[in-house]
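Engineer: Sharing a structure below in C-alpha cells format, with a few things to ask.
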Amino acid sequence: MAESISRSLRDGCLEGEHAPALTIEDSLACPLGSHVFDHFLANLASQIADGTSQARGLVLVALNRSPSFYIDLLRRKGVDASLVDKWVRILDCYSDPLDWKDRIPPLMNVQKPSTRENVSFFRDVRDINKLLSSVLDLGKGFVGQGKTRFAVAVDQVSNLLRHTSLPSVAGLLNNLRSNDQISCIFWLIHSDLHEPRVSTALAYVSTVVASVQPIMQLTDEHRSRRDFLWLEKNSCKAKFYVRLKRRNGRVKLLAEELHMDQVGVKFAAVTSENSFVNKSLLPKVQFNLQLSDQERVDRAKVVLPYEHQGNGEAIQIYDGRRSLSDDQKDPHLVQPSTFSVMTDAQATSGNGEIHYIRDSDDEQPDSDEDPDDDLNI
C-alpha cells in the first residue's frame, strides 16, 4: 500500500486533471507522522534524481525543521549531494516565520538563515498569497517555459494553521494542486491539535489520506504505572490506515502495519485488518446495500421481458394491425389468435418462421398488394 502511494506521487497527474494530493495525519498518541513524511519525501526525491518521476524537481516548504536537516536526510537516504542541490529547492519558513529577527537586536546565538543556493529564505507565513507565489517561482527554475511539472511538499501544515485561518490554508493547498505545473503535493498535519473540521477540510482536497494510529491505546493503568517498557515497545509500531479516492469516484480503504528501526520506516501488509477496515468504515445509510440469500434466490426466479417465455408452446400475440371488437378489449379474457410465434423447439432448430394469419372477415388486400405478403425469417 505504501508502494502504491509512492507510485501515485511518482506518476503524477494526467493532462487536464488535478495533481494527486496526500495528507499524512498523526497524533500525540502515535507521533510517527514525521517519519512517514520523510519516507515519502526521500523516495520521491530519489525518483526525481533518477528521472523516473513525472516531476522534474521538488519544492519543499520547511515549516517545522531547518533546511539543513532535510539536506542531511536526503544524503543519508542515498540521494547524491549534487543531485539534491540540482533538483531540490527548499523554501525556508522555519528560520523566521513571522519576520521578527529584523525587529529585535541581533544576538550571538541566533541561527542565521542558510546561504545555500537551493535554499530561499521566506518571512511572514501569514501572507498566503506571497507564499503561493514563492513556491511557484521556485518551481519555475525546473519547468521553464515548457510543460514540465514539479512536486511540492509541506512538512507541517499545523504550524501554518497557527498563524493563519483554515480557509486560507485549504485555499493554498487547493491552488497548488490545481496548478498545471504541479505534478503532486503532500503534507503532514497533527490532527489532535485541531478541530475535526480541519481534518475534514484537508481530506476534501486530498486524493489520499494516510493516518498513523497506535496499535494499542495508552490507558490510565499504563500511565499510573509509568510502564516505560510498554511505551518503548509500542512507540516503534503503528497502524497505517489509508483512504484512497480513485478517478472513478470510488473510495478504497486499506491498512498496513508500520515499524520503525534505525534505517527508517518499514511497512508490512495486514490482510485480516484490511477486511475489518473495509467493513467498519462503510458509509452508514438508511437502506441495505447488500442482498440476503433469499433475496438472491427470488431475484434469480424473475423472468425478464426479453427472455423467451414460450415454455415449448406457441404464443398468441396481438399484432396490432386491426382493432379489437368490444368483446376483445381485454386480451386476458379472450385469447387473441391473430399472431403466431414459433415454439421453443422451432427456435432452437435455427429455421423458425413467423407468419401473419388473417381471419376470414378481414379486408382483402388491394390488387397492387401481394396476397402472400408473409414475413419469413
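We name chains A, B, ... following the order of the C-alpha cells; residues begin at 1 in each chain, and ligands are numbered from 1 as shown.
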From the DSSP assignment of the backbone, select every residue of region 1-109 of chain A that is strand (DSSP E), and format the answer as a ChimeraX atom specification.
Structural biologist: /A:21-26,55-62,88-92
Engineer: Create the file for the chosen residues now, containing C-alpha atoms and written as a PDB file, in the first residue's frame.
Structural biologist:
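This is the output file result.pdb:
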ATOM      1  CA  ALA A  21      -2.576  15.136  -3.032  1.00  0.00           C
ATOM      2  CA  LEU A  22      -1.538  13.157   0.054  1.00  0.00           C
ATOM      3  CA  THR A  23      -2.451  14.072   3.628  1.00  0.00           C
ATOM      4  CA  ILE A  24      -0.439  12.373   6.389  1.00  0.00           C
ATOM      5  CA  GLU A  25      -2.082  12.511   9.818  1.00  0.00           C
ATOM      6  CA  ASP A  26      -0.689  11.595  13.207  1.00  0.00           C
ATOM      7  CA  ALA A  55       8.132  15.739 -11.657  1.00  0.00           C
ATOM      8  CA  ARG A  56      11.447  17.242 -12.723  1.00  0.00           C
ATOM      9  CA  GLY A  57      12.050  18.936  -9.387  1.00  0.00           C
ATOM     10  CA  LEU A  58      10.873  19.191  -5.773  1.00  0.00           C
ATOM     11  CA  VAL A  59       9.954  22.313  -3.811  1.00  0.00           C
ATOM     12  CA  LEU A  60       9.967  21.694  -0.054  1.00  0.00           C
ATOM     13  CA  VAL A  61       8.215  24.184   2.230  1.00  0.00           C
ATOM     14  CA  ALA A  62      10.117  23.800   5.521  1.00  0.00           C
ATOM     15  CA  VAL A  88      15.516  20.114  -4.713  1.00  0.00           C
ATOM     16  CA  ARG A  89      14.552  23.674  -3.756  1.00  0.00           C
ATOM     17  CA  ILE A  90      13.783  24.479  -0.105  1.00  0.00           C
ATOM     18  CA  LEU A  91      11.640  27.417   0.952  1.00  0.00           C
ATOM     19  CA  ASP A  92      12.863  28.243   4.459  1.00  0.00           C
TER      20      ASP A  92
END
Engineer: Could you pull the residues within 12 Å of Ser53 (chain A), counting only C-alpha atoms, minus those fewer than 6 positions along the same chain, as a list in words?
Structural biologist: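 Skipping anything fewer than 6 positions along the chain leaves Ser6, Arg7, Ser8, Leu9, Arg10, Asp11, Gly12, Cys13, Asn43, Leu44, Ala45, Ser46, Gln47, Trp87, Thr148, Arg149, Phe150, Ala151, Ser183 and Cys184 of chain A.
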Engineer: What does the structure give for the distance between CA of Ser168 (chain A) and CA of Glu195 (chain A), in Å to one decimal?
Structural biologist: 15.9 Å
Engineer: Go through A:Ser235, A:Ser211, A:Ser120, A:Ser292 one by one, measure the shortest atom-to-atom distance of each to Leu253 (chain A) using only C-alpha atoms, and give the residue with the smallest value.
Structural biologist: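 The closest residue to Leu253 (chain A) is A:Ser211.
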Engineer: Would you work out the distance separating CA of His39 (chain A) from CA of Val265 (chain A), expressed in Å to one decimal?
Structural biologist: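 The value is 6.7 Å.
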Engineer: Might you pull out every residue within 10 Å of Val169 (chain A), with only C-alpha atoms counted and same-chain residues fewer than 2 positions away left off, and present them as JSON, numbers by chain?
Structural biologist: {"A": [126, 128, 157, 158, 160, 161, 163, 164, 165, 166, 167, 171, 172, 173, 174, 175, 198, 201, 202]}
Engineer: I'd like the interatomic distance between CA of Tyr241 (chain A) and CA of Ser199 (chain A), to a tenth of an Å.
Structural biologist: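 Rounded to one decimal, the two atoms are 14.6 Å apart.
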Engineer: Could you list, as a PyMOL selection string, every residue within 12 Å of Arg65 (chain A), counting only C-alpha atoms and ignoring same-chain residues fewer than 4 positions away?
Structural biologist: chain A and resi 34+38+60-61+69-73+90-97+154-156+159
